[in-house]
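Asks: Quick one, work.cif (mmCIF, C-alpha atoms and all ligand atoms):
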data_entry
#
loop_
_atom_site.label_atom_id
_atom_site.label_comp_id
_atom_site.auth_asym_id
_atom_site.auth_seq_id
_atom_site.Cartn_x
_atom_site.Cartn_y
_atom_site.Cartn_z
CA MET A 1 -17.15 -45.77 26.04
CA LYS A 2 -14.64 -44.09 28.36
CA SER A 3 -13.03 -40.75 27.77
CA ILE A 4 -10.89 -38.21 29.56
CA GLN A 5 -11.18 -34.56 28.71
CA GLN A 6 -7.88 -32.72 28.81
CA SER A 7 -7.94 -28.96 29.21
CA PHE A 8 -5.36 -26.33 30.05
CA SER A 9 -4.42 -22.90 28.90
CA VAL A 10 -1.05 -21.28 28.47
CA SER A 11 -0.74 -17.54 28.53
CA PHE A 12 1.76 -15.81 26.29
CA ASN A 13 3.30 -12.44 26.79
CA PHE A 14 6.31 -10.79 25.31
CA PRO A 15 7.65 -7.25 25.25
CA VAL A 16 8.42 -5.19 22.16
CA TYR A 17 11.00 -2.50 22.88
CA PHE A 18 11.73 0.53 20.71
CA VAL A 19 15.31 1.61 21.02
CA ARG A 20 18.36 3.07 19.26
CA ASP A 21 21.92 1.69 19.28
CA LEU A 22 21.05 -1.53 21.03
CA PHE A 23 24.64 -2.78 21.20
CA ASP A 24 26.16 0.47 22.37
CA PRO A 25 28.09 -0.48 25.54
CA ALA A 26 26.14 2.17 27.45
CA ASN A 27 22.79 0.65 26.46
CA SER A 28 21.72 -1.90 29.09
CA LEU A 29 18.45 -3.02 27.45
CA PHE A 30 19.78 -6.21 25.88
CA LEU A 31 21.41 -7.26 29.14
CA GLU A 32 18.24 -6.53 31.11
CA VAL A 33 16.11 -8.57 28.71
CA ILE A 34 18.35 -11.61 29.09
CA GLN A 35 18.57 -11.17 32.85
CA LYS A 36 14.79 -11.48 33.16
CA ALA A 37 15.06 -15.23 32.66
CA TYR A 38 18.10 -17.39 33.24
CA SER A 39 18.95 -20.45 35.26
CA THR A 40 22.71 -20.72 34.91
CA LEU A 41 25.27 -18.07 34.08
CA PRO A 42 26.63 -17.10 31.70
CA VAL A 43 23.64 -17.44 29.35
CA ARG A 44 24.52 -18.94 25.96
CA LEU A 45 23.60 -16.85 22.93
CA TYR A 46 23.48 -17.94 19.29
CA PHE A 47 23.15 -15.13 16.73
CA VAL A 48 21.90 -15.40 13.14
CA ILE A 49 22.49 -12.22 11.13
CA ASP A 50 20.97 -11.18 7.79
CA GLU A 51 23.76 -10.73 5.24
CA GLY A 52 22.20 -7.45 4.03
CA VAL A 53 22.47 -6.06 7.56
CA TYR A 54 25.97 -7.43 8.02
CA ASP A 55 27.20 -5.92 4.73
CA SER A 56 25.87 -2.49 5.56
CA ASN A 57 27.03 -2.57 9.20
CA PRO A 58 30.56 -4.00 8.98
CA ASP A 59 31.24 -3.25 12.69
CA LEU A 60 28.14 -5.04 13.94
CA ILE A 61 29.80 -8.32 14.93
CA LYS A 62 32.65 -6.52 16.68
CA LYS A 63 30.10 -4.43 18.58
CA ILE A 64 28.13 -7.50 19.65
CA GLU A 65 31.32 -9.30 20.70
CA PHE A 66 32.48 -6.29 22.69
CA TYR A 67 29.06 -5.98 24.38
CA ILE A 68 29.11 -9.62 25.36
CA GLN A 69 32.74 -9.50 26.48
CA THR A 70 31.97 -6.46 28.65
CA ASN A 71 29.17 -8.41 30.33
CA ASN A 72 30.82 -11.82 30.29
CA SER A 73 29.66 -12.87 33.73
CA ILE A 74 26.11 -12.90 32.33
CA LEU A 75 26.40 -13.32 28.55
CA SER A 76 28.40 -15.71 26.41
CA LEU A 77 28.59 -16.32 22.66
CA ALA A 78 27.92 -20.01 22.01
CA SER A 79 29.45 -19.77 18.53
CA PRO A 80 30.51 -17.19 15.95
CA PRO A 81 27.39 -15.53 14.48
CA PHE A 82 25.90 -17.28 11.46
CA ILE A 83 25.59 -14.88 8.52
CA ILE A 84 22.60 -15.94 6.42
CA PRO A 85 21.48 -14.55 3.01
CA GLY A 86 18.71 -11.96 3.33
CA GLY A 87 15.49 -11.60 1.35
CA GLU A 88 12.70 -13.94 0.31
CA GLN A 89 14.96 -16.46 -1.42
CA VAL A 90 16.26 -17.57 1.96
CA LYS A 91 12.78 -18.90 2.77
CA ASN A 92 12.84 -20.99 -0.41
CA ASN A 93 15.86 -23.03 0.70
CA PRO A 94 15.26 -25.45 3.60
CA ARG A 95 19.01 -26.04 3.86
CA HIS A 96 19.32 -22.87 5.96
CA VAL A 97 16.97 -24.31 8.58
CA ASP A 98 19.06 -27.50 8.67
CA LYS A 99 22.23 -25.47 9.18
CA ILE A 100 20.72 -23.70 12.22
CA LEU A 101 19.55 -27.03 13.65
CA GLU A 102 23.05 -28.46 13.11
CA ASP A 103 24.51 -25.49 14.98
CA VAL A 104 22.01 -25.95 17.81
CA GLU A 105 23.24 -29.52 18.17
CA ARG A 106 26.92 -28.73 17.65
CA TYR A 107 27.15 -25.77 20.04
CA GLY A 108 24.89 -27.16 22.74
CA ILE A 109 22.10 -24.59 22.41
CA ASP A 110 19.34 -25.66 24.80
CA ARG A 111 16.01 -24.32 25.98
CA HIS A 112 17.74 -22.01 28.43
CA SER A 113 19.90 -20.52 25.69
CA TYR A 114 18.73 -17.83 23.25
CA ILE A 115 18.58 -17.92 19.47
CA ILE A 116 18.76 -14.30 18.35
CA ALA A 117 17.85 -13.26 14.81
CA ILE A 118 18.93 -9.88 13.44
CA GLY A 119 17.42 -9.11 10.05
CA GLY A 120 14.52 -8.47 7.75
CA GLY A 121 11.19 -10.30 7.86
CA ALA A 122 12.38 -13.18 5.71
CA VAL A 123 15.34 -14.03 7.95
CA LEU A 124 13.20 -13.58 11.07
CA ASP A 125 10.54 -15.93 9.68
CA LEU A 126 13.14 -18.60 8.96
CA VAL A 127 15.09 -18.33 12.21
CA GLY A 128 11.87 -18.19 14.23
CA TYR A 129 10.80 -21.44 12.63
CA ALA A 130 14.14 -23.13 13.31
CA ALA A 131 14.06 -21.92 16.94
CA ALA A 132 10.49 -23.21 17.34
CA ILE A 133 11.32 -26.74 16.22
CA ALA A 134 14.79 -27.13 17.78
CA HIS A 135 14.34 -29.02 21.07
CA ARG A 136 10.60 -28.27 20.59
CA GLY A 137 11.28 -24.60 21.18
CA VAL A 138 14.37 -22.63 22.16
CA ARG A 139 13.93 -19.08 23.52
CA HIS A 140 13.97 -16.72 20.59
CA ILE A 141 14.69 -12.99 20.43
CA ARG A 142 13.91 -11.00 17.28
CA ILE A 143 15.88 -7.92 16.33
CA PRO A 144 14.01 -6.70 13.21
CA THR A 145 15.98 -4.42 10.89
CA THR A 146 13.47 -3.36 8.19
CA VAL A 147 10.41 -1.15 8.39
CA LEU A 148 8.17 -4.11 7.61
CA SER A 149 9.69 -6.40 10.20
CA GLN A 150 9.63 -3.70 12.90
CA ASN A 151 6.03 -2.62 12.31
CA ASP A 152 4.42 -5.91 11.33
CA SER A 153 6.10 -9.25 10.79
CA GLY A 154 8.55 -9.15 13.71
CA VAL A 155 5.97 -8.24 16.36
CA GLY A 156 3.57 -11.08 15.52
CA VAL A 157 3.43 -14.74 16.43
CA LYS A 158 4.00 -16.48 13.09
CA ASN A 159 7.09 -17.84 11.45
CA GLY A 160 7.75 -20.06 8.46
CA ILE A 161 9.43 -20.91 5.20
CA ASN A 162 8.09 -21.49 1.69
CA ALA A 163 7.51 -24.90 0.10
CA PHE A 164 5.83 -26.32 -3.01
CA GLY A 165 6.08 -22.84 -4.52
CA LYS A 166 3.74 -21.52 -1.81
CA LYS A 167 4.44 -18.83 0.76
CA ASN A 168 4.80 -19.89 4.39
CA PHE A 169 3.65 -23.43 3.68
CA ILE A 170 5.78 -24.75 6.56
CA GLY A 171 5.81 -22.93 9.86
CA THR A 172 4.47 -22.57 13.37
CA PHE A 173 2.67 -20.13 15.59
CA CYS A 174 5.27 -19.40 18.22
CA PRO A 175 5.51 -16.10 20.12
CA PRO A 176 9.05 -14.82 20.61
CA TYR A 177 10.68 -14.27 23.99
CA ALA A 178 11.19 -10.56 23.19
CA VAL A 179 11.37 -8.18 20.23
CA LEU A 180 13.95 -5.40 20.16
CA ASN A 181 13.15 -2.81 17.48
CA ASP A 182 16.36 -0.85 17.00
CA PHE A 183 15.56 2.15 14.78
CA SER A 184 19.26 2.72 14.00
CA PHE A 185 19.21 -0.22 11.59
CA LEU A 186 16.74 1.61 9.33
CA LYS A 187 19.39 4.10 8.20
CA THR A 188 21.10 1.61 5.88
CA LEU A 189 17.93 0.31 4.18
CA HIS A 190 17.71 0.55 0.41
CA GLU A 191 14.95 2.84 -0.80
CA ARG A 192 12.72 -0.09 -1.78
CA ASP A 193 12.89 -1.58 1.72
CA TRP A 194 12.36 1.76 3.43
CA ARG A 195 9.17 2.18 1.38
CA ALA A 196 7.92 -1.42 1.28
CA GLY A 197 7.03 -1.71 4.97
CA ILE A 198 4.90 1.44 4.86
CA SER A 199 2.26 -0.59 3.02
CA GLU A 200 1.56 -2.61 6.19
CA ALA A 201 0.86 0.69 7.98
CA ILE A 202 -1.54 1.74 5.20
CA LYS A 203 -3.21 -1.65 5.54
CA VAL A 204 -3.79 -1.53 9.28
CA SER A 205 -4.82 2.15 9.19
CA LEU A 206 -7.45 1.42 6.54
CA ILE A 207 -9.05 -1.41 8.47
CA LYS A 208 -8.67 -0.07 11.99
CA ASP A 209 -7.68 3.55 12.50
CA ALA A 210 -8.79 6.55 10.40
CA ASP A 211 -6.60 8.94 12.43
CA PHE A 212 -3.55 6.88 11.60
CA PHE A 213 -4.53 6.97 7.93
CA GLU A 214 -4.73 10.77 8.22
CA PHE A 215 -1.25 10.81 9.76
CA LEU A 216 0.07 8.88 6.75
CA ILE A 217 -1.57 11.32 4.32
CA GLU A 218 -0.10 14.29 6.17
CA ASN A 219 3.37 12.80 6.31
CA VAL A 220 3.88 11.52 2.77
CA ASP A 221 6.63 14.05 2.00
CA LYS A 222 8.45 13.39 5.25
CA LEU A 223 8.28 9.64 4.73
CA VAL A 224 9.56 9.95 1.16
CA LYS A 225 12.44 12.10 2.42
CA ARG A 226 13.27 9.50 5.08
CA ASP A 227 12.35 11.59 8.10
CA MET A 228 13.17 9.39 11.09
CA GLU A 229 10.69 10.96 13.49
CA ALA A 230 7.76 10.32 11.14
CA MET A 231 8.95 6.77 10.49
CA GLU A 232 9.45 6.00 14.17
CA TYR A 233 5.87 7.06 14.94
CA LEU A 234 4.59 5.05 11.94
CA ILE A 235 6.39 1.93 13.17
CA PHE A 236 5.24 2.35 16.78
CA ARG A 237 1.57 2.89 15.90
CA CYS A 238 1.48 0.13 13.30
CA ALA A 239 3.11 -2.36 15.69
CA GLU A 240 0.70 -1.31 18.45
CA LEU A 241 -2.40 -1.83 16.28
CA HIS A 242 -1.03 -5.14 15.09
CA MET A 243 -0.33 -6.39 18.60
CA GLN A 244 -3.68 -5.22 19.96
CA HIS A 245 -5.39 -7.12 17.20
CA ILE A 246 -3.48 -10.34 17.82
CA ALA A 247 -4.25 -10.23 21.53
CA SER A 248 -7.94 -9.49 21.07
CA LYS A 249 -8.93 -12.00 18.39
CA ASP A 250 -7.72 -15.40 17.25
CA PRO A 251 -3.89 -15.26 17.56
CA PHE A 252 -3.32 -18.73 16.15
CA GLU A 253 -5.86 -18.27 13.33
CA THR A 254 -8.06 -21.26 14.10
CA GLY A 255 -11.06 -19.74 12.28
CA SER A 256 -11.47 -18.88 8.60
CA SER A 257 -10.65 -15.24 9.01
CA ARG A 258 -7.35 -13.37 8.61
CA PRO A 259 -8.51 -9.79 9.14
CA LEU A 260 -5.00 -8.36 9.33
CA ASP A 261 -4.35 -9.71 5.86
CA PHE A 262 -6.28 -7.00 4.00
CA GLY A 263 -4.84 -6.86 0.47
CA HIS A 264 -2.86 -10.04 1.01
CA TRP A 265 -4.75 -12.59 -1.09
CA ALA A 266 -3.44 -10.84 -4.22
CA ALA A 267 -0.11 -9.89 -2.64
CA HIS A 268 0.94 -13.44 -1.81
CA LYS A 269 0.00 -14.66 -5.29
CA LEU A 270 1.80 -11.74 -6.89
CA GLU A 271 4.98 -12.52 -4.96
CA GLN A 272 4.78 -16.08 -6.24
CA ILE A 273 4.09 -15.29 -9.91
CA THR A 274 6.88 -12.69 -9.99
CA SER A 275 9.25 -15.35 -8.56
CA TYR A 276 9.62 -13.13 -5.50
CA SER A 277 11.28 -10.34 -7.49
CA ILE A 278 8.72 -7.99 -5.93
CA ARG A 279 9.05 -7.28 -2.20
CA HIS A 280 6.27 -8.45 0.12
CA GLY A 281 5.48 -4.83 1.02
CA GLU A 282 5.38 -3.74 -2.63
CA ALA A 283 2.98 -6.58 -3.40
CA VAL A 284 0.84 -5.59 -0.41
CA ALA A 285 0.58 -2.02 -1.76
CA ILE A 286 -0.78 -3.42 -5.04
CA GLY A 287 -3.08 -5.80 -3.15
CA ILE A 288 -4.46 -2.91 -1.09
CA ALA A 289 -4.98 -0.90 -4.30
CA ILE A 290 -6.91 -3.81 -5.86
CA ASP A 291 -9.13 -4.46 -2.83
CA SER A 292 -9.75 -0.74 -2.25
CA THR A 293 -10.75 -0.31 -5.90
CA TYR A 294 -13.00 -3.35 -5.57
CA SER A 295 -14.55 -1.83 -2.42
CA TYR A 296 -15.20 1.38 -4.35
CA LEU A 297 -16.68 -0.39 -7.38
CA SER A 298 -18.96 -2.32 -5.02
CA ASP A 299 -20.21 0.97 -3.49
CA MET A 300 -18.70 0.12 -0.12
CA ILE A 301 -16.45 3.20 0.02
CA THR A 302 -16.92 6.56 -1.67
CA ARG A 303 -15.03 7.72 -4.73
CA GLN A 304 -13.35 10.37 -2.58
CA GLU A 305 -12.13 7.78 -0.06
CA TRP A 306 -10.85 5.60 -2.90
CA GLN A 307 -8.96 8.54 -4.43
CA CYS A 308 -7.32 9.33 -1.07
CA ILE A 309 -6.09 5.74 -0.80
CA ILE A 310 -4.71 5.63 -4.34
CA ARG A 311 -3.12 9.06 -3.96
CA LEU A 312 -1.38 7.93 -0.78
CA ILE A 313 -0.06 4.73 -2.33
CA LYS A 314 1.20 6.55 -5.41
CA GLY A 315 2.52 9.50 -3.41
CA LEU A 316 4.76 7.17 -1.45
CA GLY A 317 6.24 5.91 -4.73
CA PHE A 318 4.58 2.48 -4.94
CA GLU A 319 3.54 0.97 -8.29
CA LEU A 320 -0.16 0.11 -8.65
CA ASN A 321 0.42 -2.86 -10.93
CA THR A 322 3.07 -5.08 -12.51
CA PRO A 323 3.02 -6.89 -15.89
CA GLU A 324 2.61 -10.25 -14.08
CA LEU A 325 -0.85 -9.16 -12.90
CA PHE A 326 -2.03 -9.55 -16.49
CA LEU A 327 -0.68 -13.06 -17.06
CA HIS A 328 -3.52 -15.41 -18.06
CA LEU A 329 -5.83 -12.88 -16.47
CA GLU A 330 -9.07 -14.42 -17.66
CA GLU A 331 -8.02 -18.05 -17.14
CA PHE A 332 -9.12 -18.21 -13.53
CA ASP A 333 -7.73 -21.70 -12.90
CA ASN A 334 -4.34 -21.09 -14.46
CA PRO A 335 -1.66 -21.33 -11.71
CA MET A 336 -0.11 -18.09 -13.02
CA CYS A 337 -3.39 -16.16 -12.88
CA ILE A 338 -3.64 -13.67 -10.00
CA ILE A 339 -7.26 -14.71 -9.34
CA ARG A 340 -6.00 -18.16 -8.28
CA GLY A 341 -4.64 -16.33 -5.26
CA LEU A 342 -8.16 -16.22 -3.82
CA GLU A 343 -8.44 -19.99 -3.59
CA GLU A 344 -4.85 -20.38 -2.36
CA PHE A 345 -5.55 -17.79 0.34
CA ARG A 346 -8.59 -19.81 1.44
CA GLU A 347 -6.66 -23.09 1.35
CA HIS A 348 -3.91 -21.79 3.65
CA LEU A 349 -6.45 -21.60 6.49
CA GLY A 350 -9.17 -23.90 5.27
CA GLY A 351 -12.82 -23.17 5.88
CA LYS A 352 -14.86 -20.56 4.05
CA LEU A 353 -13.29 -17.95 1.79
CA THR A 354 -13.10 -14.84 3.99
CA ILE A 355 -11.69 -11.64 2.56
CA MET A 356 -11.39 -8.28 4.25
CA LEU A 357 -12.67 -5.30 2.27
CA LEU A 358 -13.36 -1.70 3.32
CA GLN A 359 -16.57 -0.27 4.69
CA LYS A 360 -14.99 3.14 5.15
CA ILE A 361 -11.52 4.45 5.84
CA GLY A 362 -10.59 3.04 9.23
CA GLN A 363 -13.08 0.18 9.13
CA GLY A 364 -12.81 -3.16 7.39
CA VAL A 365 -15.58 -5.62 6.68
CA GLU A 366 -15.30 -9.31 5.88
CA VAL A 367 -17.01 -10.85 2.85
CA ASN A 368 -17.25 -14.47 1.72
CA HIS A 369 -17.46 -13.91 -2.00
CA LEU A 370 -15.64 -11.79 -4.57
CA ASP A 371 -16.87 -11.24 -8.12
CA LYS A 372 -13.96 -12.25 -10.36
CA HIS A 373 -14.99 -9.92 -13.17
CA LEU A 374 -15.07 -7.00 -10.77
CA ILE A 375 -11.54 -7.91 -9.68
CA LEU A 376 -10.48 -7.82 -13.35
CA LYS A 377 -12.09 -4.43 -13.71
CA SER A 378 -10.24 -3.19 -10.61
CA ILE A 379 -6.90 -4.42 -11.97
CA ASN A 380 -7.53 -2.73 -15.31
CA ILE A 381 -8.42 0.56 -13.66
CA LEU A 382 -5.17 0.43 -11.70
CA LYS A 383 -3.21 -0.08 -14.90
CA LYS A 384 -4.76 3.05 -16.38
CA LEU A 385 -4.09 4.96 -13.16
CA ASP A 386 -0.43 3.96 -13.20
CA ASN A 387 -0.06 5.23 -16.74
CA SER A 388 -1.83 8.52 -16.24
CA GLU A 389 -2.98 10.91 -13.60
CA TYR A 390 -5.40 9.34 -11.14
CA ARG A 391 -7.63 12.39 -11.42
CA ASP A 392 -8.42 11.49 -15.04
CA ILE A 393 -10.22 8.33 -14.09
CA ASP A 394 -14.00 7.95 -13.82
N1 LIG B 401 5.55 -13.75 10.09
C1 LIG B 401 4.68 -12.84 9.72
O1 LIG B 401 3.66 -12.64 10.39
C2 LIG B 401 4.92 -12.01 8.51
C3 LIG B 401 4.12 -10.89 8.24
C4 LIG B 401 4.42 -10.08 7.13
C5 LIG B 401 5.50 -10.41 6.31
N2 LIG B 401 6.24 -11.52 6.59
C6 LIG B 401 7.37 -11.90 5.74
O2 LIG B 401 8.41 -10.93 5.83
C7 LIG B 401 9.19 -11.02 4.63
C8 LIG B 401 9.50 -9.63 4.10
O3 LIG B 401 10.29 -8.97 5.03
P1 LIG B 401 11.02 -7.58 4.73
O4 LIG B 401 10.11 -6.66 4.06
O5 LIG B 401 11.62 -7.19 6.03
O6 LIG B 401 12.11 -7.91 3.63
P2 LIG B 401 13.28 -8.97 3.55
O7 LIG B 401 13.48 -9.72 4.82
O8 LIG B 401 13.03 -9.73 2.31
O9 LIG B 401 14.57 -8.02 3.36
C9 LIG B 401 14.72 -7.22 2.21
C10 LIG B 401 16.19 -6.91 1.98
O10 LIG B 401 16.68 -5.98 2.95
C11 LIG B 401 17.94 -6.42 3.47
N3 LIG B 401 18.07 -5.80 4.77
C12 LIG B 401 17.42 -6.12 5.91
N4 LIG B 401 17.70 -5.22 6.88
C13 LIG B 401 18.55 -4.31 6.34
C14 LIG B 401 19.19 -3.14 6.84
N5 LIG B 401 18.95 -2.69 8.08
N6 LIG B 401 20.02 -2.45 6.02
C15 LIG B 401 20.22 -2.86 4.75
N7 LIG B 401 19.64 -3.96 4.21
C16 LIG B 401 18.80 -4.68 5.01
C17 LIG B 401 17.86 -7.91 3.41
O11 LIG B 401 19.16 -8.50 3.35
C18 LIG B 401 17.11 -8.11 2.08
O12 LIG B 401 18.01 -8.08 1.01
C19 LIG B 401 8.39 -11.87 3.65
O13 LIG B 401 8.93 -13.16 3.62
C20 LIG B 401 7.02 -11.92 4.27
O14 LIG B 401 6.31 -13.08 3.94
C21 LIG B 401 5.98 -12.30 7.67
ZN ZN B 402 2.10 -8.57 5.08
#
If you convert what's in this file into structure tokens, what do you get?

Replies:
Amino acid sequence: MKSIQQSFSVSFNFPVYFVRDLFDPANSLFLEVIQKAYSTLPVRLYFVIDEGVYDSNPDLIKKIEFYIQTNNSILSLASPPFIIPGGEQVKNNPRHVDKILEDVERYGIDRHSYIIAIGGGAVLDLVGYAAAIAHRGVRHIRIPTTVLSQNDSGVGVKNGINAFGKKNFIGTFCPPYAVLNDFSFLKTLHERDWRAGISEAIKVSLIKDADFFEFLIENVDKLVKRDMEAMEYLIFRCAELHMQHIASKDPFETGSSRPLDFGHWAAHKLEQITSYSIRHGEAVAIGIAIDSTYSYLSDMITRQEWQCIIRLIKGLGFELNTPELFLHLEEFDNPMCIIRGLEEFREHLGGKLTIMLLQKIGQGVEVNHLDKHLILKSINILKKLDNSEYRDID
């Protein structure tokens, strides 16, 4: 038998910038980012903009056009920006990916051009996927506009759309060329979207950084009142922890473990059984509450630690449960039962079921088995907590 062993490695690196007023004519960051890599001038740019961002920033396209016009020896618009619906439903419709691919073909976008997505996590996931498969990968710049996309989804390496009723069933691991986190976009967020992304910060603080968790506790009032300074620190630290983790472990998730997905086995299932009427971040808050309660009931964290977590989640205005959590609750194989989320979470990666729980605040621990009846008990406790004062609970 003959064989040849192939082996090479490719290193990835990309910057994440934190900025305000990215398309202000006096702000040179965007220009500098593009100038770092070009072969012919002017560089062709194709923009996809989240409709929610477009509606709340009616001058945005004019600003972008003016910025590009002012720098027209270096930048050029390959086509008018494509305005795409925002929110999870966009990931349920593969037609939007086709439309981007058609535009790539029609406007001659090539691997030296840039596909630039401005929007929430759902739009970024979809555009990132389209950019990854067009010509086997066109340079892609993300401009995240929600808390969640700036502190979590937009700074990672995954993209995707939903299929067969399952989240992110189709997608790739494909690092972006650059991420430009423009805090100015956060001002127009609806209250739900301002709050939703905070859950990813709670998540990463609980599994990695007790000081960051303390910061969240101390800044609940400021965050609720939409204090920009507190939010900017939250986004920076959350993004930093997220990026450090990706670089240090298994960025393309080849093993069975998804340690950054604390609270997510329930969250993804909850999004599905609520027909995506609940935001990803809101579902994550409930997922964190379930897995923290489970950690407490299993004597892994103290009652005091558990109370701090629940108090934080409630203090920020998140719900601890939704009616859908109780659908077919004891029929573990029913597709509408939340517990099915465990197996679907395992299936997404394959291998052994591996779920992150808490050992203490600031430190996660992976387990390979969860007791379904203890999950039920956790969910029922959360229902009681949502209806009364958390202090009343044993
Ligand atoms: N790729 C990853 O690693 C990863 C990680 C976590 C989450 N996600 C995905 O991210 C998605 C959730 O993202 P999200 O929380 O950003 O919500 P979202 O993208 O669903 O957006 C929520 C709403 O906010 C609107 N919007 C966006 N920016 C706005 C702004 N600046 N002003 C006003 N309205 C604005 C959108 O139009 C939409 O209606 C989910 O699909 C989730 O699966 C991906
Ligand atoms: Zn998430």

Asks: List as a PyMOL selection string the residues having at least one atom at most 6 Å from position (9.9, -23.8, 1.6) as given in the file, counting only C-alpha atoms.

Replies: chain A and resi 91-92+94+161-163

Asks: Would you work out the distance separating atom CA of Arg258 of chain A from atom CA of Ile355 of chain A, expressed in Å to one decimal?

Replies: 7.6 Å

Asks: To test the calculation: enclose all listed atoms of ligand LIG 401 (chain B) in a box whose edges run along x, y and z, add 6 Å on each side, then state centre and edge lengths in Å to one decimal, as AutoDock Vina command-line options.

Replies:
--center_x 11.9 --center_y -8.1 --center_z 5.7 --size_x 28.6 --size_y 23.3 --size_z 21.4

Asks: Please check which protein, DNA or RNA residues sit within 6 Å of ligand LIG 401 (chain B), counting all atoms listed in the file, and write them as a count of residues only.

Replies: 31

Asks: Work out how far atom CA of Trp265 of chain A is from atom CA of Leu370 of chain A, in Å to one decimal.

Replies: 11.5 Å

Asks: For atom CA of Tyr54 of chain A and atom CA of Arg192 of chain A, quote the distance in Å rounded to one decimal.

Replies: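 Value for the atom CA of Tyr54 of chain A-atom CA of Arg192 of chain A distance: 18.0 Å.
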
Asks: Of the residues A:Asp299, A:Cys174, A:Ile361, A:Glu218, which is the one nearest to Asn13 of chain A, using all atoms listed in the file?

Replies: A:Cys174

Asks: Closest to Ile170 of chain A among A:Ile381, A:Ala247, A:Val97, A:Ile309, using all atoms listed in the file?

Replies: A:Val97

Asks: Looking at A:Arg279, A:His348, A:Arg111, A:His135, which one is nearest to His190 of chain A, with distances taken over only C-alpha atoms?

Replies: A:Arg279

Asks: Which one of A:Gly317, A:Gly364, A:Gly341, A:Gly263 sits closest to ligand ZN 402 (chain B) if you count all atoms listed in the file?

Replies: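 Nearest to ligand ZN 402 (chain B): A:Gly263.
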
Asks: Which residues come within 9 Å of Phe213 of chain A, counting only C-alpha atoms, excluding same-chain residues fewer than 4 positions away, as a list of chain:residue names?

Replies: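 Here the answer would be A:Ala201, A:Ile202, A:Val204, A:Ser205, A:Leu206, A:Asp209, A:Ile217, A:Glu218, A:Ile309, A:Ile361, A:Gly362.
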
Asks: Using all atoms listed in the file, which of A:Phe173, A:Phe23, A:Phe262, A:Phe215 sits nearest ligand ZN 402 (chain B)?

Replies: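 Among the listed residues, A:Phe262 lies closest to ligand ZN 402 (chain B).
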
Asks: Which neighbours of Leu297 of chain A fall inside 12 Å, counting only C-alpha atoms, when residues of the same chain fewer than 4 positions from it are skipped, and could you give them as a ChimeraX atom specification?

Replies: /A:290-293,301-303,305-306,357-358,370-371,373-379,381,394

Asks: In terms of the shortest atom-to-atom distance over only C-alpha atoms and all ligand atoms, which of A:Ala196, A:Cys337, A:Leu325, A:Ala37 is closest to ligand ZN 402 (chain B)?

Replies: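 Ranking A:Ala196, A:Cys337, A:Leu325, A:Ala37 by distance to ligand ZN 402 (chain B), first place goes to A:Ala196.
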
Asks: Please identify all polymer residues lying at most 10 Å from the point (-4.7, -17.3, 24.4) (file coordinates), using all atoms listed in the file, and present the result as a list in words.

Replies: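 Residues with an atom close enough to that point: Ser9, Val10, Ser11, Phe12, Asn13, Ile246, Ala247, Ser248, Lys249, Asp250, Pro251 and Phe252 of chain A.
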
Asks: With N, CA and C atoms as the goal, would you fill in the gaps in segment 10-19 of chain A and present it as an mmCIF file, keeping the file's coordinate frame?

Replies:
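Wrote rebuild-v2.cif, looks like this:
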data_model
loop_
_atom_site.group_PDB
_atom_site.id
_atom_site.type_symbol
_atom_site.label_atom_id
_atom_site.label_comp_id
_atom_site.auth_asym_id
_atom_site.auth_seq_id
_atom_site.Cartn_x
_atom_site.Cartn_y
_atom_site.Cartn_z
ATOM 1 N N VAL A 10 -2.397 -21.819 28.286
ATOM 2 C CA VAL A 10 -1.050 -21.280 28.470
ATOM 3 C C VAL A 10 -1.127 -19.813 28.075
ATOM 4 N N SER A 11 -0.669 -18.944 28.947
ATOM 5 C CA SER A 11 -0.740 -17.540 28.530
ATOM 6 C C SER A 11 0.601 -17.110 27.959
ATOM 7 N N PHE A 12 0.537 -16.297 26.927
ATOM 8 C CA PHE A 12 1.760 -15.810 26.290
ATOM 9 C C PHE A 12 1.877 -14.326 26.543
ATOM 10 N N ASN A 13 3.061 -13.879 26.824
ATOM 11 C CA ASN A 13 3.300 -12.440 26.790
ATOM 12 C C ASN A 13 4.749 -12.182 26.448
ATOM 13 N N PHE A 14 4.934 -11.156 25.659
ATOM 14 C CA PHE A 14 6.310 -10.790 25.310
ATOM 15 C C PHE A 14 6.380 -9.282 25.085
ATOM 16 N N PRO A 15 7.524 -8.697 25.439
ATOM 17 C CA PRO A 15 7.650 -7.250 25.250
ATOM 18 C C PRO A 15 8.207 -6.912 23.874
ATOM 19 N N VAL A 16 7.795 -5.752 23.364
ATOM 20 C CA VAL A 16 8.420 -5.190 22.160
ATOM 21 C C VAL A 16 9.020 -3.851 22.573
ATOM 22 N N TYR A 17 10.320 -3.754 22.503
ATOM 23 C CA TYR A 17 11.000 -2.500 22.880
ATOM 24 C C TYR A 17 11.349 -1.702 21.634
ATOM 25 N N PHE A 18 11.334 -0.376 21.790
ATOM 26 C CA PHE A 18 11.730 0.530 20.710
ATOM 27 C C PHE A 18 12.963 1.286 21.209
ATOM 28 N N VAL A 19 14.030 1.189 20.475
ATOM 29 C CA VAL A 19 15.310 1.610 21.020
ATOM 30 C C VAL A 19 16.221 2.093 19.893
#
